[in-house]
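This report refers to the structure that appears directly beneath it.
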Amino acid sequence: MCGLFGALGYRSVNTTEVYKALQGRGPDDRGRWSENNQPEGLELLHTRLAIQDCSDLGHQPMVSSDGGLVLIFNGEIYNQKSLRKELEQKGWDFRSECDTEVLLVGFQHWGQGLWRRLNGIFAIACWETNERRLTLVRDRFGIKPLVWSKESDGRCLFASELSAIMASGCIDNTKFDSLALESYQFWGAVAGPRTLLKNIHSLKAGHSAILEQSNGWRIQPYIETTVAGHQSKDWSLNHATKAIDEALNQAVERQSIGEHPVGIYLSGGLDSGLLAAILQNHQTQQINSISIGFQYLPGAIDESDRAEITAAHLDLQHHTILIGPEELDKHFDSFISAIDQPSIDGFNSFIITQGARKLGMKVAFSGLGADEIFGGYPHMLMGSIKQANY
């Protein structure tokens with residue numbers, strides 16, 4: 001996880017406060033690039049969490065050798081090695097092993113055609129210095145956040161977090177978006193492309209936004225939105241089971257990369273248990289797992305005992321964090337300070353992430369999203385049945 005920020009067309013940016021806002025996303029390094037000859041040009045800031053090639057060669061913003069392209073990036077490109085090999089075969093050279101350079105060189109070679117080639121999670125900003133063209137792009141599922149604000153005169157702000165835009169000093173007046181608040185009340189999270197603040201939106205998943213000085217903004221999907229393949233009626237249970245097994249193994253294998261040990265957030269559910277079992281098959285060293293348990297909190301669903309049974313069966317190095325009223329009081333202020341937009345499940349994620357960090361984890365698997373797909377809880381299963389019947 002890294003943090004990025006950009007301001008185009010603004011005379012002054014409070015870089016110190018922006019760095020503070022993004023520090024939690026990237027504690028390993030920070031970088032800045034600006035157009036010194038343009039008083040209202042582009043300013044790019046980046047804070048880095050180093051995962052692939054932790055050397056200084058992965059420093060961002062990253063600039064091409066000819067100075068024609070500047071890029072900042074948050075995320076991870078799982079197929080960077082195959083893309084690197086393809087680019088090397090076409091005559092391109094590399095200095096580092098990091099995926100950021102693959103994006104930089106890939107954009108030089110394929111231009112806007114790069115995005116649909118990527119397998120990963122990402123929020124990217126590219127600036128072509130000669131053409132004065134800005135491209136913002138977000139992964140197809142919107143895993144990595146990218147919020148932005150654009151003005152009719154061509155000015156633009158974008159960042160990994162609302163807090164960074166607010167800290168920049170570039171926006172004077174902001175108001176809450178009442179429809180975003182209603183969305184949170186209904187869904188337990190703010191549904192994109194809205195954010196809590198008016199006039200600041202999330203870039204849609206699977207979309208790019210391109211700003212050209214002469215033509216203004218062009219916002220478009222870079223992937224097909226239709227789903228190809230068999231209809232559900234063509235799938236037997238055996239066929240579906242094998243397909244899910246293959247997909248999970250592929251996902252775990254391609255994401256078990258980087259220069260840090262990989263851990264896992266383990267609940268008592270099927271999704272994280274499957275991931276842990278598959279991860280065990282792809283790792284040769286001891287795997288750390290961590291789970292949340294609740295005490296003295298009536299109504300809270302505690303699955304920590306089942307997580308411990310799963311961890312023992314798989315021979316994981318397991319850790320359980322217990323949350324009670326004291327922990328809620330102790331950590332709530334720091335949670336509110338850290339979270340960018342409210343989430344009904346955000347506090348659990350904050351606590352388990354803090355615990356993972358204390359254990360030395362920089363990379364951890366999570367079953368996020370599986371409950372919604374597979375009906376992990378009764379209310380989600382009933383919702384799926386109602387939708388199917390409808």
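Each chain in the structure tokens gets a letter, A, B and so on, in the order shown; residues start at 1 in every chain, and ligands are counted from 1 in the order they appear.
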
DSSP on the backbone, strand (DSSP E) only: what residues of range 177-320 of chain A does that give? Format it as number ranges by chain. A: 201-202, 207-212, 216-221, 262-265, 288-294, 317-320

Give me, as a compact mmCIF listing (two decimals) with all heavy atoms, in the first residue's frame, all polymer residues having an atom no more than 12 Å from Pro193 in chain A, counting only C-alpha atoms and skipping those fewer than 3 positions away in the same chain.
# COMPACT_ATOMS: atom_id res chain seq x y z
N GLY A 142 -11.61 -1.88 -8.56
CA GLY A 142 -11.58 -0.72 -7.67
C GLY A 142 -11.02 -1.04 -6.30
O GLY A 142 -11.42 -0.43 -5.31
N PRO A 145 -7.83 2.69 -3.94
CA PRO A 145 -8.63 3.92 -3.99
C PRO A 145 -7.97 5.01 -4.84
O PRO A 145 -6.74 5.13 -4.88
CB PRO A 145 -8.70 4.35 -2.52
CG PRO A 145 -7.44 3.80 -1.91
CD PRO A 145 -7.17 2.50 -2.63
N LEU A 146 -8.79 5.79 -5.49
CA LEU A 146 -8.32 6.97 -6.22
C LEU A 146 -9.48 7.97 -6.27
O LEU A 146 -10.47 7.75 -6.96
CB LEU A 146 -7.87 6.61 -7.64
CG LEU A 146 -7.25 7.74 -8.46
CD1 LEU A 146 -6.03 8.31 -7.74
CD2 LEU A 146 -6.86 7.27 -9.85
N VAL A 147 -9.35 9.04 -5.50
CA VAL A 147 -10.38 10.07 -5.47
C VAL A 147 -9.86 11.31 -6.19
O VAL A 147 -8.66 11.58 -6.20
CB VAL A 147 -10.80 10.41 -4.02
CG1 VAL A 147 -11.47 9.21 -3.37
CG2 VAL A 147 -9.60 10.85 -3.17
N TRP A 148 -10.77 12.07 -6.78
CA TRP A 148 -10.32 13.22 -7.55
C TRP A 148 -11.38 14.31 -7.58
O TRP A 148 -12.55 14.08 -7.35
CB TRP A 148 -9.92 12.79 -8.96
CG TRP A 148 -11.03 12.25 -9.82
CD1 TRP A 148 -12.09 11.47 -9.45
CD2 TRP A 148 -11.19 12.46 -11.22
NE1 TRP A 148 -12.88 11.16 -10.53
CE2 TRP A 148 -12.35 11.75 -11.63
CE3 TRP A 148 -10.46 13.15 -12.17
CZ2 TRP A 148 -12.79 11.74 -12.94
CZ3 TRP A 148 -10.90 13.14 -13.49
CH2 TRP A 148 -12.05 12.44 -13.86
N SER A 149 -10.89 15.50 -7.89
CA SER A 149 -11.75 16.67 -8.03
C SER A 149 -11.26 17.45 -9.23
O SER A 149 -10.06 17.74 -9.35
CB SER A 149 -11.67 17.54 -6.76
OG SER A 149 -12.35 18.77 -6.94
N ASP A 177 -21.76 15.35 1.32
CA ASP A 177 -22.71 14.89 0.32
C ASP A 177 -23.80 14.10 1.04
O ASP A 177 -23.54 13.00 1.56
CB ASP A 177 -21.98 14.01 -0.71
CG ASP A 177 -22.87 13.62 -1.87
OD1 ASP A 177 -24.08 13.41 -1.65
OD2 ASP A 177 -22.36 13.50 -2.99
N LEU A 179 -26.36 12.47 -0.04
CA LEU A 179 -26.66 11.17 -0.65
C LEU A 179 -25.60 10.13 -0.30
O LEU A 179 -25.90 8.94 -0.16
CB LEU A 179 -26.78 11.31 -2.17
CG LEU A 179 -28.00 12.10 -2.66
CD1 LEU A 179 -27.97 12.20 -4.19
CD2 LEU A 179 -29.29 11.45 -2.20
N ALA A 180 -24.35 10.58 -0.13
CA ALA A 180 -23.29 9.66 0.29
C ALA A 180 -23.54 9.18 1.71
O ALA A 180 -23.31 8.00 2.03
CB ALA A 180 -21.93 10.35 0.18
N SER A 183 -26.14 6.62 1.59
CA SER A 183 -25.54 5.39 1.09
C SER A 183 -24.86 4.62 2.21
O SER A 183 -24.99 3.39 2.31
CB SER A 183 -24.52 5.72 -0.02
OG SER A 183 -23.75 4.60 -0.36
N ALA A 189 -21.27 1.44 3.92
CA ALA A 189 -20.09 2.03 3.27
C ALA A 189 -20.61 3.03 2.24
O ALA A 189 -21.76 2.96 1.81
CB ALA A 189 -19.23 0.97 2.59
N VAL A 190 -19.77 3.96 1.85
CA VAL A 190 -20.15 4.95 0.85
C VAL A 190 -19.97 4.34 -0.53
O VAL A 190 -18.87 3.91 -0.91
CB VAL A 190 -19.30 6.23 0.97
CG1 VAL A 190 -19.66 7.22 -0.13
CG2 VAL A 190 -19.50 6.86 2.34
N LEU A 196 -17.79 11.16 0.72
CA LEU A 196 -18.48 11.94 1.74
C LEU A 196 -18.55 13.41 1.41
O LEU A 196 -19.39 14.13 1.92
CB LEU A 196 -17.77 11.76 3.10
CG LEU A 196 -18.12 10.51 3.89
CD1 LEU A 196 -17.33 10.50 5.18
CD2 LEU A 196 -19.60 10.42 4.19
N LEU A 197 -17.64 13.89 0.55
CA LEU A 197 -17.56 15.32 0.24
C LEU A 197 -18.08 15.61 -1.17
O LEU A 197 -17.77 14.89 -2.12
CB LEU A 197 -16.12 15.81 0.36
CG LEU A 197 -15.48 15.62 1.74
CD1 LEU A 197 -14.04 16.11 1.73
CD2 LEU A 197 -16.29 16.34 2.82
N LYS A 198 -18.86 16.66 -1.27
CA LYS A 198 -19.35 17.08 -2.58
C LYS A 198 -18.19 17.48 -3.48
O LYS A 198 -17.18 18.02 -3.02
CB LYS A 198 -20.31 18.27 -2.42
CG LYS A 198 -21.71 17.87 -1.99
CD LYS A 198 -22.65 19.07 -2.06
CE LYS A 198 -24.09 18.65 -1.78
NZ LYS A 198 -25.02 19.80 -1.88
N ASN A 199 -18.34 17.22 -4.76
CA ASN A 199 -17.38 17.61 -5.79
C ASN A 199 -16.07 16.84 -5.73
O ASN A 199 -15.14 17.16 -6.47
CB ASN A 199 -17.09 19.12 -5.75
CG ASN A 199 -18.34 19.95 -5.91
OD1 ASN A 199 -19.21 19.61 -6.71
ND2 ASN A 199 -18.46 21.03 -5.15
N ILE A 200 -15.97 15.84 -4.85
CA ILE A 200 -14.83 14.93 -4.87
C ILE A 200 -15.40 13.53 -5.07
O ILE A 200 -16.27 13.09 -4.32
CB ILE A 200 -14.01 14.99 -3.57
CG1 ILE A 200 -13.50 16.41 -3.32
CG2 ILE A 200 -12.83 14.02 -3.64
CD1 ILE A 200 -12.70 16.55 -2.03
N HIS A 201 -14.93 12.84 -6.09
CA HIS A 201 -15.49 11.55 -6.45
C HIS A 201 -14.40 10.49 -6.56
O HIS A 201 -13.21 10.81 -6.67
CB HIS A 201 -16.24 11.64 -7.78
CG HIS A 201 -17.42 12.54 -7.74
ND1 HIS A 201 -17.33 13.90 -7.99
CD2 HIS A 201 -18.73 12.30 -7.47
CE1 HIS A 201 -18.54 14.45 -7.87
NE2 HIS A 201 -19.40 13.49 -7.56
N SER A 202 -14.81 9.24 -6.53
CA SER A 202 -13.91 8.13 -6.82
C SER A 202 -13.90 7.89 -8.33
O SER A 202 -14.96 7.91 -8.96
CB SER A 202 -14.38 6.85 -6.12
OG SER A 202 -14.29 6.97 -4.72
N LEU A 203 -12.71 7.68 -8.86
CA LEU A 203 -12.65 7.25 -10.26
C LEU A 203 -13.25 5.85 -10.33
O LEU A 203 -12.95 4.99 -9.52
CB LEU A 203 -11.20 7.22 -10.74
CG LEU A 203 -10.99 6.81 -12.20
CD1 LEU A 203 -11.65 7.80 -13.15
CD2 LEU A 203 -9.50 6.70 -12.52
N LYS A 204 -14.12 5.63 -11.30
CA LYS A 204 -14.80 4.35 -11.40
C LYS A 204 -13.81 3.22 -11.64
O LYS A 204 -12.81 3.37 -12.35
CB LYS A 204 -15.83 4.39 -12.53
CG LYS A 204 -17.05 5.24 -12.25
CD LYS A 204 -18.05 5.16 -13.40
CE LYS A 204 -19.30 5.99 -13.11
NZ LYS A 204 -20.28 5.90 -14.21
N ALA A 205 -14.11 2.07 -11.05
CA ALA A 205 -13.28 0.88 -11.27
C ALA A 205 -13.25 0.54 -12.75
O ALA A 205 -14.24 0.66 -13.47
CB ALA A 205 -13.85 -0.29 -10.47
N HIS A 207 -11.78 2.08 -15.12
CA HIS A 207 -11.85 3.26 -15.98
C HIS A 207 -10.52 4.02 -15.98
O HIS A 207 -9.75 3.96 -15.02
CB HIS A 207 -12.95 4.22 -15.51
CG HIS A 207 -14.32 3.82 -15.96
ND1 HIS A 207 -14.93 2.65 -15.55
CD2 HIS A 207 -15.21 4.45 -16.80
CE1 HIS A 207 -16.13 2.58 -16.10
NE2 HIS A 207 -16.32 3.65 -16.85

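Nearest residue to Leu71 in chain A, choosing from A:Leu181, A:Cys54, A:Cys98, A:Cys126 and counting only C-alpha atoms: A:Cys126.
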
Selected residue of minimal separation from Ser366 in chain A among A:Ser304, A:Ser267, A:Phe335, A:Ile309, counting only C-alpha atoms: A:Ser267

Straight-line distance linking CA of Gln354 in chain A with CA of His331 in chain A, stated in Å to one decimal: 10.1 Å
